[in-house]
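S.K.: Contents of query34.csv (CSV, N, CA and C atoms) are below:
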```
chain,number,residue,atom,x,y,z
A,36,GLY,N,-23.6,-34.8,4.6
A,36,GLY,CA,-24.2,-33.8,5.4
A,36,GLY,C,-23.2,-32.9,6.2
A,37,GLU,N,-22.5,-33.5,7.2
A,37,GLU,CA,-21.7,-32.7,8.0
A,37,GLU,C,-20.5,-32.1,7.4
A,38,GLU,N,-19.9,-32.8,6.4
A,38,GLU,CA,-18.7,-32.2,5.8
A,38,GLU,C,-19.0,-30.8,5.1
A,39,THR,N,-20.1,-30.7,4.4
A,39,THR,CA,-20.4,-29.5,3.7
A,39,THR,C,-20.6,-28.3,4.7
A,40,CYS,N,-21.1,-28.6,5.9
A,40,CYS,CA,-21.1,-27.5,6.9
A,40,CYS,C,-19.7,-27.0,7.2
A,41,GLU,N,-18.8,-28.0,7.4
A,41,GLU,CA,-17.4,-27.6,7.7
A,41,GLU,C,-16.9,-26.7,6.6
A,42,GLU,N,-17.1,-27.2,5.4
A,42,GLU,CA,-16.5,-26.4,4.3
A,42,GLU,C,-17.1,-25.0,4.2
A,43,GLU,N,-18.4,-24.9,4.3
A,43,GLU,CA,-19.1,-23.6,4.3
A,43,GLU,C,-18.6,-22.7,5.3
A,44,ALA,N,-18.3,-23.2,6.5
A,44,ALA,CA,-17.8,-22.4,7.6
A,44,ALA,C,-16.4,-21.8,7.2
A,45,GLY,N,-15.6,-22.7,6.6
A,45,GLY,CA,-14.3,-22.3,6.2
A,45,GLY,C,-14.3,-21.3,5.1
A,46,LEU,N,-15.3,-21.5,4.2
A,46,LEU,CA,-15.5,-20.5,3.1
A,46,LEU,C,-15.9,-19.1,3.5
A,47,SER,N,-16.8,-19.0,4.5
A,47,SER,CA,-17.3,-17.7,4.9
A,47,SER,C,-16.2,-17.0,5.7
A,48,GLU,N,-15.4,-17.8,6.4
A,48,GLU,CA,-14.2,-17.3,7.1
A,48,GLU,C,-13.2,-16.7,6.1
A,49,ASN,N,-13.0,-17.4,5.0
A,49,ASN,CA,-12.1,-16.9,3.9
A,49,ASN,C,-12.7,-15.6,3.3
A,50,GLN,N,-13.9,-15.6,3.0
A,50,GLN,CA,-14.6,-14.4,2.5
A,50,GLN,C,-14.4,-13.2,3.4
A,51,GLU,N,-14.6,-13.5,4.7
A,51,GLU,CA,-14.4,-12.4,5.7
A,51,GLU,C,-12.9,-11.9,5.7
A,52,LEU,N,-12.0,-12.8,5.6
A,52,LEU,CA,-10.6,-12.5,5.6
A,52,LEU,C,-10.3,-11.7,4.4
A,53,LEU,N,-10.8,-12.1,3.2
A,53,LEU,CA,-10.6,-11.4,2.0
A,53,LEU,C,-11.0,-10.0,2.1
A,54,SER,N,-12.2,-9.8,2.6
A,54,SER,CA,-12.8,-8.5,2.6
A,54,SER,C,-12.1,-7.6,3.6
A,55,ILE,N,-11.6,-8.2,4.7
A,55,ILE,CA,-10.8,-7.4,5.7
A,55,ILE,C,-9.5,-7.0,5.0
A,56,ILE,N,-8.8,-7.9,4.4
A,56,ILE,CA,-7.5,-7.5,3.7
A,56,ILE,C,-7.7,-6.5,2.6
A,57,HIS,N,-8.8,-6.7,1.8
A,57,HIS,CA,-9.1,-5.7,0.8
A,57,HIS,C,-9.4,-4.3,1.3
A,58,GLU,N,-10.1,-4.3,2.4
A,58,GLU,CA,-10.4,-3.0,3.1
A,58,GLU,C,-9.2,-2.3,3.5
A,59,VAL,N,-8.2,-3.0,4.1
A,59,VAL,CA,-7.0,-2.5,4.5
A,59,VAL,C,-6.2,-1.9,3.3
A,60,ALA,N,-6.2,-2.8,2.3
A,60,ALA,CA,-5.5,-2.4,1.0
A,60,ALA,C,-6.0,-1.1,0.5
A,61,SER,N,-7.4,-1.0,0.5
A,61,SER,CA,-8.0,0.2,-0.1
A,61,SER,C,-7.7,1.4,0.8
A,62,HIS,N,-7.7,1.2,2.1
A,62,HIS,CA,-7.3,2.3,3.0
A,62,HIS,C,-5.9,2.8,2.7
A,63,ILE,N,-5.0,1.9,2.5
A,63,ILE,CA,-3.6,2.3,2.1
A,63,ILE,C,-3.6,3.1,0.8
A,64,ARG,N,-4.4,2.6,-0.2
A,64,ARG,CA,-4.4,3.3,-1.5
A,64,ARG,C,-5.0,4.7,-1.4
A,65,GLN,N,-6.0,4.8,-0.5
A,65,GLN,CA,-6.7,6.1,-0.3
A,65,GLN,C,-5.8,7.1,0.4
A,66,PHE,N,-5.0,6.6,1.4
A,66,PHE,CA,-4.2,7.5,2.2
A,66,PHE,C,-2.8,7.1,2.2
A,67,PRO,N,-2.1,7.1,1.0
A,67,PRO,CA,-0.7,6.7,1.0
A,67,PRO,C,0.3,7.5,1.8
A,68,GLY,N,-0.1,8.7,2.2
A,68,GLY,CA,0.8,9.6,2.9
A,68,GLY,C,0.8,9.3,4.4
A,69,MET,N,-0.1,8.5,4.9
A,69,MET,CA,-0.2,8.2,6.3
A,69,MET,C,1.0,7.2,6.7
A,70,LYS,N,1.3,7.3,8.0
A,70,LYS,CA,2.4,6.4,8.5
A,70,LYS,C,1.8,5.0,8.7
A,71,HIS,N,1.8,4.1,7.7
A,71,HIS,CA,1.3,2.8,7.8
A,71,HIS,C,2.3,1.8,8.3
A,72,THR,N,2.0,1.2,9.5
A,72,THR,CA,2.9,0.2,10.0
A,72,THR,C,2.2,-1.1,10.1
A,73,VAL,N,3.0,-2.2,10.2
A,73,VAL,CA,2.3,-3.5,10.3
A,73,VAL,C,1.4,-3.5,11.5
A,74,SER,N,1.9,-2.9,12.6
A,74,SER,CA,1.1,-3.0,13.8
A,74,SER,C,-0.2,-2.2,13.7
A,75,SER,N,-0.1,-1.0,13.1
A,75,SER,CA,-1.3,-0.1,13.0
A,75,SER,C,-2.3,-0.8,12.0
A,76,LEU,N,-1.9,-1.4,11.0
A,76,LEU,CA,-2.8,-2.0,10.0
A,76,LEU,C,-3.3,-3.4,10.5
A,77,ALA,N,-2.5,-4.1,11.2
A,77,ALA,CA,-3.0,-5.4,11.8
A,77,ALA,C,-4.0,-5.1,12.8
A,78,GLU,N,-3.8,-4.0,13.6
A,78,GLU,CA,-4.8,-3.6,14.6
A,78,GLU,C,-6.1,-3.2,13.9
A,79,ARG,N,-6.0,-2.5,12.8
A,79,ARG,CA,-7.2,-2.1,12.0
A,79,ARG,C,-8.0,-3.4,11.5
A,80,ALA,N,-7.2,-4.4,11.1
A,80,ALA,CA,-7.8,-5.7,10.7
A,80,ALA,C,-8.2,-6.6,11.8
A,81,ARG,N,-7.8,-6.2,13.0
A,81,ARG,CA,-8.1,-7.0,14.2
A,81,ARG,C,-7.5,-8.4,14.1
A,82,LEU,N,-6.2,-8.4,13.6
A,82,LEU,CA,-5.5,-9.7,13.5
A,82,LEU,C,-4.1,-9.5,14.1
A,83,SER,N,-3.5,-10.6,14.4
A,83,SER,CA,-2.1,-10.6,15.0
A,83,SER,C,-1.2,-10.1,13.8
A,84,GLU,N,-0.1,-9.5,14.2
A,84,GLU,CA,0.8,-8.9,13.1
A,84,GLU,C,1.3,-10.0,12.2
A,85,ARG,N,1.7,-11.1,12.8
A,85,ARG,CA,2.3,-12.2,12.0
A,85,ARG,C,1.3,-12.8,11.0
A,86,TYR,N,0.1,-13.0,11.5
A,86,TYR,CA,-1.0,-13.6,10.7
A,86,TYR,C,-1.4,-12.6,9.6
A,87,PHE,N,-1.6,-11.4,10.0
A,87,PHE,CA,-2.0,-10.3,9.1
A,87,PHE,C,-1.0,-10.2,8.0
A,88,SER,N,0.3,-10.1,8.3
A,88,SER,CA,1.4,-10.0,7.3
A,88,SER,C,1.3,-11.1,6.3
A,89,ARG,N,1.2,-12.3,6.9
A,89,ARG,CA,1.2,-13.5,6.0
A,89,ARG,C,0.0,-13.5,5.1
A,90,LYS,N,-1.2,-13.2,5.6
A,90,LYS,CA,-2.4,-13.3,4.8
A,90,LYS,C,-2.4,-12.1,3.8
A,91,PHE,N,-1.9,-11.0,4.2
A,91,PHE,CA,-1.8,-9.8,3.3
A,91,PHE,C,-1.0,-10.2,2.0
A,92,ARG,N,0.1,-10.8,2.3
A,92,ARG,CA,1.0,-11.3,1.2
A,92,ARG,C,0.3,-12.3,0.3
A,93,ALA,N,-0.3,-13.3,1.0
A,93,ALA,CA,-1.0,-14.3,0.2
A,93,ALA,C,-2.1,-13.8,-0.7
A,94,ILE,N,-2.9,-12.9,-0.1
A,94,ILE,CA,-4.0,-12.3,-0.9
A,94,ILE,C,-3.7,-11.3,-1.9
A,95,MET,N,-2.7,-10.4,-1.5
A,95,MET,CA,-2.4,-9.3,-2.4
A,95,MET,C,-1.2,-9.6,-3.3
A,96,GLY,N,-0.5,-10.7,-3.1
A,96,GLY,CA,0.6,-11.1,-4.0
A,96,GLY,C,1.9,-10.3,-3.8
A,97,ARG,N,1.9,-9.5,-2.7
A,97,ARG,CA,3.2,-8.9,-2.3
A,97,ARG,C,3.2,-8.5,-0.9
A,98,THR,N,4.3,-8.2,-0.3
A,98,THR,CA,4.4,-7.9,1.1
A,98,THR,C,3.6,-6.6,1.4
A,99,LEU,N,3.3,-6.4,2.6
A,99,LEU,CA,2.6,-5.2,3.0
A,99,LEU,C,3.5,-4.0,2.7
A,100,GLU,N,4.8,-4.1,3.1
A,100,GLU,CA,5.7,-3.0,2.9
A,100,GLU,C,5.8,-2.6,1.4
A,101,ALA,N,5.9,-3.6,0.5
A,101,ALA,CA,6.0,-3.4,-0.9
A,101,ALA,C,4.7,-2.7,-1.4
A,102,TYR,N,3.6,-3.1,-0.9
A,102,TYR,CA,2.3,-2.6,-1.3
A,102,TYR,C,2.2,-1.1,-0.9
A,103,VAL,N,2.6,-0.8,0.3
A,103,VAL,CA,2.6,0.6,0.8
A,103,VAL,C,3.5,1.5,-0.1
A,104,ILE,N,4.7,1.0,-0.4
A,104,ILE,CA,5.6,1.8,-1.3
A,104,ILE,C,5.0,1.9,-2.7
A,105,ASP,N,4.4,0.9,-3.2
A,105,ASP,CA,3.8,0.9,-4.6
A,105,ASP,C,2.7,2.0,-4.6
A,106,MET,N,1.9,2.1,-3.5
A,106,MET,CA,0.8,3.0,-3.5
A,106,MET,C,1.3,4.5,-3.4
A,107,LYS,N,2.4,4.6,-2.6
A,107,LYS,CA,3.0,5.9,-2.5
A,107,LYS,C,3.6,6.4,-3.8
A,108,ILE,N,4.3,5.5,-4.5
A,108,ILE,CA,4.9,5.9,-5.8
A,108,ILE,C,3.8,6.2,-6.8
A,109,GLU,N,2.7,5.4,-6.8
A,109,GLU,CA,1.6,5.6,-7.7
A,109,GLU,C,1.0,7.0,-7.5
A,110,ARG,N,0.8,7.4,-6.2
A,110,ARG,CA,0.2,8.7,-5.9
A,110,ARG,C,1.2,9.8,-6.3
A,111,ALA,N,2.5,9.5,-6.0
A,111,ALA,CA,3.5,10.5,-6.3
A,111,ALA,C,3.5,10.8,-7.8
A,112,GLU,N,3.4,9.8,-8.6
A,112,GLU,CA,3.4,9.9,-10.1
A,112,GLU,C,2.2,10.8,-10.5
A,113,HIS,N,1.1,10.6,-9.9
A,113,HIS,CA,-0.1,11.3,-10.2
A,113,HIS,C,0.0,12.8,-9.8
A,114,LEU,N,0.6,13.0,-8.6
A,114,LEU,CA,0.8,14.4,-8.1
A,114,LEU,C,1.7,15.2,-9.0
A,115,LEU,N,2.8,14.5,-9.5
A,115,LEU,CA,3.8,15.2,-10.3
A,115,LEU,C,3.2,15.5,-11.7
A,116,ARG,N,2.5,14.5,-12.2
A,116,ARG,CA,2.0,14.6,-13.6
A,116,ARG,C,0.8,15.6,-13.7
A,117,TYR,N,-0.2,15.4,-12.8
A,117,TYR,CA,-1.4,16.1,-13.0
A,117,TYR,C,-1.7,17.3,-12.1
A,118,TYR,N,-0.9,17.4,-11.0
A,118,TYR,CA,-1.1,18.5,-10.1
A,118,TYR,C,0.0,19.5,-10.1
A,119,GLY,N,1.0,19.3,-10.9
A,119,GLY,CA,2.1,20.2,-11.1
A,119,GLY,C,2.9,20.5,-9.8
A,120,MET,N,2.8,19.6,-8.8
A,120,MET,CA,3.5,19.8,-7.6
A,120,MET,C,5.0,19.5,-7.8
A,121,ASN,N,5.9,20.2,-7.1
A,121,ASN,CA,7.3,19.9,-7.3
A,121,ASN,C,7.7,18.7,-6.4
A,122,VAL,N,8.9,18.2,-6.7
A,122,VAL,CA,9.4,17.0,-6.0
A,122,VAL,C,9.4,17.1,-4.5
A,123,SER,N,9.8,18.3,-3.9
A,123,SER,CA,9.8,18.4,-2.5
A,123,SER,C,8.4,18.5,-1.9
A,124,GLU,N,7.4,19.1,-2.6
A,124,GLU,CA,6.0,19.1,-2.2
A,124,GLU,C,5.4,17.7,-2.2
A,125,VAL,N,5.8,16.9,-3.2
A,125,VAL,CA,5.3,15.5,-3.2
A,125,VAL,C,5.9,14.7,-2.1
A,126,ALA,N,7.2,14.8,-1.9
A,126,ALA,CA,7.8,14.1,-0.8
A,126,ALA,C,7.2,14.4,0.5
A,127,ASP,N,6.9,15.7,0.7
A,127,ASP,CA,6.2,16.2,1.9
A,127,ASP,C,4.8,15.6,2.0
A,128,ALA,N,4.1,15.7,1.0
A,128,ALA,CA,2.7,15.2,1.0
A,128,ALA,C,2.6,13.7,1.3
A,129,LEU,N,3.6,13.0,0.9
A,129,LEU,CA,3.6,11.5,1.1
A,129,LEU,C,4.4,11.1,2.3
A,130,ASP,N,4.7,12.1,3.1
A,130,ASP,CA,5.4,11.8,4.4
A,130,ASP,C,6.7,11.1,4.3
A,131,TYR,N,7.5,11.5,3.3
A,131,TYR,CA,8.9,11.0,3.2
A,131,TYR,C,9.7,11.9,4.1
A,132,GLY,N,10.7,11.3,4.8
A,132,GLY,CA,11.5,12.1,5.6
A,132,GLY,C,12.4,13.1,4.8
A,133,SER,N,12.9,12.7,3.7
A,133,SER,CA,13.7,13.6,2.9
A,133,SER,C,13.4,13.4,1.4
A,134,VAL,N,13.6,14.5,0.7
A,134,VAL,CA,13.4,14.6,-0.7
A,134,VAL,C,14.4,13.6,-1.4
A,135,TYR,N,15.6,13.5,-0.9
A,135,TYR,CA,16.6,12.6,-1.4
A,135,TYR,C,16.1,11.2,-1.3
A,136,TYR,N,15.6,10.8,-0.2
A,136,TYR,CA,15.1,9.4,0.0
A,136,TYR,C,13.9,9.1,-1.0
A,137,PHE,N,13.0,10.1,-1.1
A,137,PHE,CA,11.9,9.9,-2.0
A,137,PHE,C,12.4,9.8,-3.4
A,138,SER,N,13.3,10.6,-3.9
A,138,SER,CA,13.8,10.6,-5.3
A,138,SER,C,14.4,9.3,-5.6
A,139,ARG,N,15.2,8.8,-4.6
A,139,ARG,CA,15.9,7.5,-4.8
A,139,ARG,C,14.9,6.4,-5.0
A,140,GLN,N,13.9,6.3,-4.1
A,140,GLN,CA,13.0,5.3,-4.1
A,140,GLN,C,12.1,5.3,-5.4
A,141,PHE,N,11.7,6.6,-5.8
A,141,PHE,CA,10.9,6.7,-7.0
A,141,PHE,C,11.7,6.2,-8.2
A,142,LYS,N,12.9,6.6,-8.3
A,142,LYS,CA,13.8,6.2,-9.4
A,142,LYS,C,14.0,4.7,-9.5
A,143,GLN,N,14.1,4.1,-8.3
A,143,GLN,CA,14.3,2.7,-8.1
A,143,GLN,C,13.0,1.9,-8.7
A,144,TYR,N,11.8,2.5,-8.4
A,144,TYR,CA,10.6,1.8,-8.8
A,144,TYR,C,10.1,2.2,-10.2
A,145,ARG,N,10.5,3.4,-10.7
A,145,ARG,CA,10.0,3.8,-12.0
A,145,ARG,C,11.0,4.0,-13.1
A,146,GLY,N,12.3,3.9,-12.6
A,146,GLY,CA,13.4,4.0,-13.6
A,146,GLY,C,13.7,5.4,-14.1
A,147,VAL,N,12.9,6.4,-13.6
A,147,VAL,CA,13.2,7.8,-13.9
A,147,VAL,C,13.1,8.6,-12.7
A,148,ALA,N,13.9,9.7,-12.7
A,148,ALA,CA,13.8,10.6,-11.5
A,148,ALA,C,12.4,11.3,-11.5
A,149,PRO,N,11.9,11.6,-10.3
A,149,PRO,CA,10.6,12.2,-10.2
A,149,PRO,C,10.6,13.6,-10.9
A,150,SER,N,11.7,14.3,-11.0
A,150,SER,CA,11.7,15.5,-11.6
A,150,SER,C,11.5,15.4,-13.1
A,151,GLU,N,11.9,14.3,-13.7
A,151,GLU,CA,11.6,14.0,-15.1
A,151,GLU,C,10.2,14.0,-15.5
A,152,LEU,N,9.4,13.5,-14.6
A,152,LEU,CA,7.9,13.4,-14.9
A,152,LEU,C,7.3,14.8,-15.0
A,153,ARG,N,7.8,15.7,-14.2
A,153,ARG,CA,7.2,17.0,-14.1
A,153,ARG,C,7.4,17.8,-15.4
A,154,LYS,N,8.5,17.5,-16.1
A,154,LYS,CA,8.8,18.3,-17.3
A,154,LYS,C,7.9,17.9,-18.4
A,155,ARG,N,7.4,16.7,-18.4
A,155,ARG,CA,6.6,16.2,-19.6
A,155,ARG,C,5.2,16.9,-19.7
```
Let's see the structure in the file written out as structure tokens.
M.R.:
Amino acid sequence: GEETCEEEAGLSENQELLSIIHEVASHIRQFPGMKHTVSSLAERARLSERYFSRKFRAIMGRTLEAYVIDMKIERAEHLLRYYGMNVSEVADALDYGSVYYFSRQFKQYRGVAPSELRKR
């Protein structure tokens, strides 16, 4: 009797945590150009920064920082390929401080310079 109640409580808590983390992840995916920080996102999740970071990594399979960069790069690729935006417009749209920094990070993640994508 009593053990199953314990387990069910733990389960619904996990479900809640999962949906909180997934909500934050989809927020990042929708708005990759926003300044996402651990503190702003932990606040959104109503969790402590340490706990949030740990759980985000456990659930999403990568650190919060890596996820944010992945989403930015993904969006950048999309903007370059389908919107015909140039590299500096894309860097701007995704709130990169400099075109140089954006290009370097893009190349690091995709193996090609962002300007290459635009030509195709």
S.K.: Choose the residue, out of A:Phe91, A:Tyr86, A:Tyr102, A:Phe141, that has the smallest atom-to-atom separation from A:Arg64; count only N, CA and C atoms.
M.R.: A:Tyr102
S.K.: Mind giving me the straight-line distance from atom CA of A:Ile55 to atom N of A:Glu78 in Å, one decimal?
M.R.: 11.1 Å
S.K.: Apply DSSP to the structure's backbone, then extract all residues of stretch 62-92 of chain A labelled helix (DSSP H, G or I) and return them as a ChimeraX atom specification.
M.R.: /A:62-65,73-80,84-92
S.K.: Considering only N, CA and C atoms, can you say which of A:Val134, A:Ile63, A:Ser150, A:Ser83 comes closest to A:Leu115?
M.R.: A:Ser150
S.K.: Given the choices A:Val73, A:Val59, A:Val122, A:Leu53, which gets closest to A:Pro149 if the distance is worked out from all atoms listed in the file?
M.R.: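 Comparing A:Val73, A:Val59, A:Val122, A:Leu53 against A:Pro149, the winner is A:Val122.
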S.K.: Mind pulling up the distance from atom CA of A:Gly68 to atom C of A:Ala93?
M.R.: 23.9 Å
S.K.: Please return as a PyMOL selection string every residue within 12 Å of (6.7, -4.7, 2.7), taking into account only C-alpha atoms and the file's own coordinates.
M.R.: chain A and resi 71-73+88-89+91-92+95-106
S.K.: Which residue gives the smallest distance to A:Pro67 among A:Leu82, A:Tyr118, A:Ala126, A:Glu48, with only C-alpha atoms counted?
M.R.: A:Ala126
S.K.: In Å, how far is it from atom N of A:Gly132 to atom CA of A:Lys107?
M.R.: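 According to the coordinates, atom N of A:Gly132 and atom CA of A:Lys107 are separated by 11.9 Å.
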S.K.: Considering all atoms listed in the file, state which residue in the set A:Leu129, A:Ile94, A:Ala77, A:Leu52 is at the smallest distance from A:Arg110.
M.R.: A:Leu129
S.K.: Go through A:Ser47, A:Ser75, A:Arg85, A:Met69 and flag the residue nearest A:Asp127, using only C-alpha atoms for the distances.
M.R.: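 Looking only at the distances to A:Asp127, the closest residue turns out to be A:Met69.
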S.K.: Save stretch 79-129 of chain A to a file: C-alpha atoms, as a tab-separated table (two decimals), in the first residue's frame.
M.R.:
```
chain	number	residue	atom	x	y	z
A	79	ARG	CA	11.76	30.96	-15.46
A	80	ALA	CA	11.78	27.34	-14.24
A	81	ARG	CA	11.47	28.49	-10.61
A	82	LEU	CA	14.44	26.35	-9.63
A	83	SER	CA	17.81	27.13	-8.10
A	84	GLU	CA	20.56	27.69	-10.65
A	85	ARG	CA	22.60	24.67	-9.61
A	86	TYR	CA	19.65	22.30	-9.55
A	87	PHE	CA	18.29	23.67	-12.82
A	88	SER	CA	21.66	23.32	-14.60
A	89	ARG	CA	22.09	19.77	-13.35
A	90	LYS	CA	18.58	18.70	-14.30
A	91	PHE	CA	18.71	20.43	-17.67
A	92	ARG	CA	21.84	18.48	-18.53
A	93	ALA	CA	20.40	15.21	-17.26
A	94	ILE	CA	17.17	15.61	-19.22
A	95	MET	CA	18.43	17.26	-22.41
A	96	GLY	CA	21.71	15.35	-22.65
A	97	ARG	CA	23.90	18.45	-22.87
A	98	THR	CA	24.68	21.51	-20.82
A	99	LEU	CA	22.45	24.54	-20.97
A	100	GLU	CA	25.23	26.58	-22.58
A	101	ALA	CA	25.75	23.96	-25.31
A	102	TYR	CA	22.02	23.81	-25.95
A	103	VAL	CA	21.74	27.58	-26.33
A	104	ILE	CA	24.62	27.62	-28.81
A	105	ASP	CA	23.15	24.68	-30.74
A	106	MET	CA	19.85	26.50	-31.10
A	107	LYS	CA	21.57	29.69	-32.24
A	108	ILE	CA	23.61	27.84	-34.84
A	109	GLU	CA	20.53	25.97	-36.04
A	110	ARG	CA	18.61	29.22	-36.47
A	111	ALA	CA	21.61	30.88	-38.11
A	112	GLU	CA	21.80	28.09	-40.65
A	113	HIS	CA	18.13	28.54	-41.41
A	114	LEU	CA	18.42	32.32	-41.82
A	115	LEU	CA	21.42	32.01	-44.11
A	116	ARG	CA	19.93	29.28	-46.28
A	117	TYR	CA	16.30	30.29	-46.59
A	118	TYR	CA	16.12	33.98	-45.81
A	119	GLY	CA	19.10	35.16	-47.78
A	120	MET	CA	20.33	37.20	-44.84
A	121	ASN	CA	24.02	38.00	-44.87
A	122	VAL	CA	26.43	36.97	-42.16
A	123	SER	CA	26.40	40.26	-40.28
A	124	GLU	CA	22.57	40.43	-40.35
A	125	VAL	CA	22.40	36.94	-38.91
A	126	ALA	CA	25.02	37.70	-36.24
A	127	ASP	CA	22.96	40.74	-35.34
A	128	ALA	CA	19.63	38.90	-35.29
A	129	LEU	CA	21.05	36.30	-32.93
```
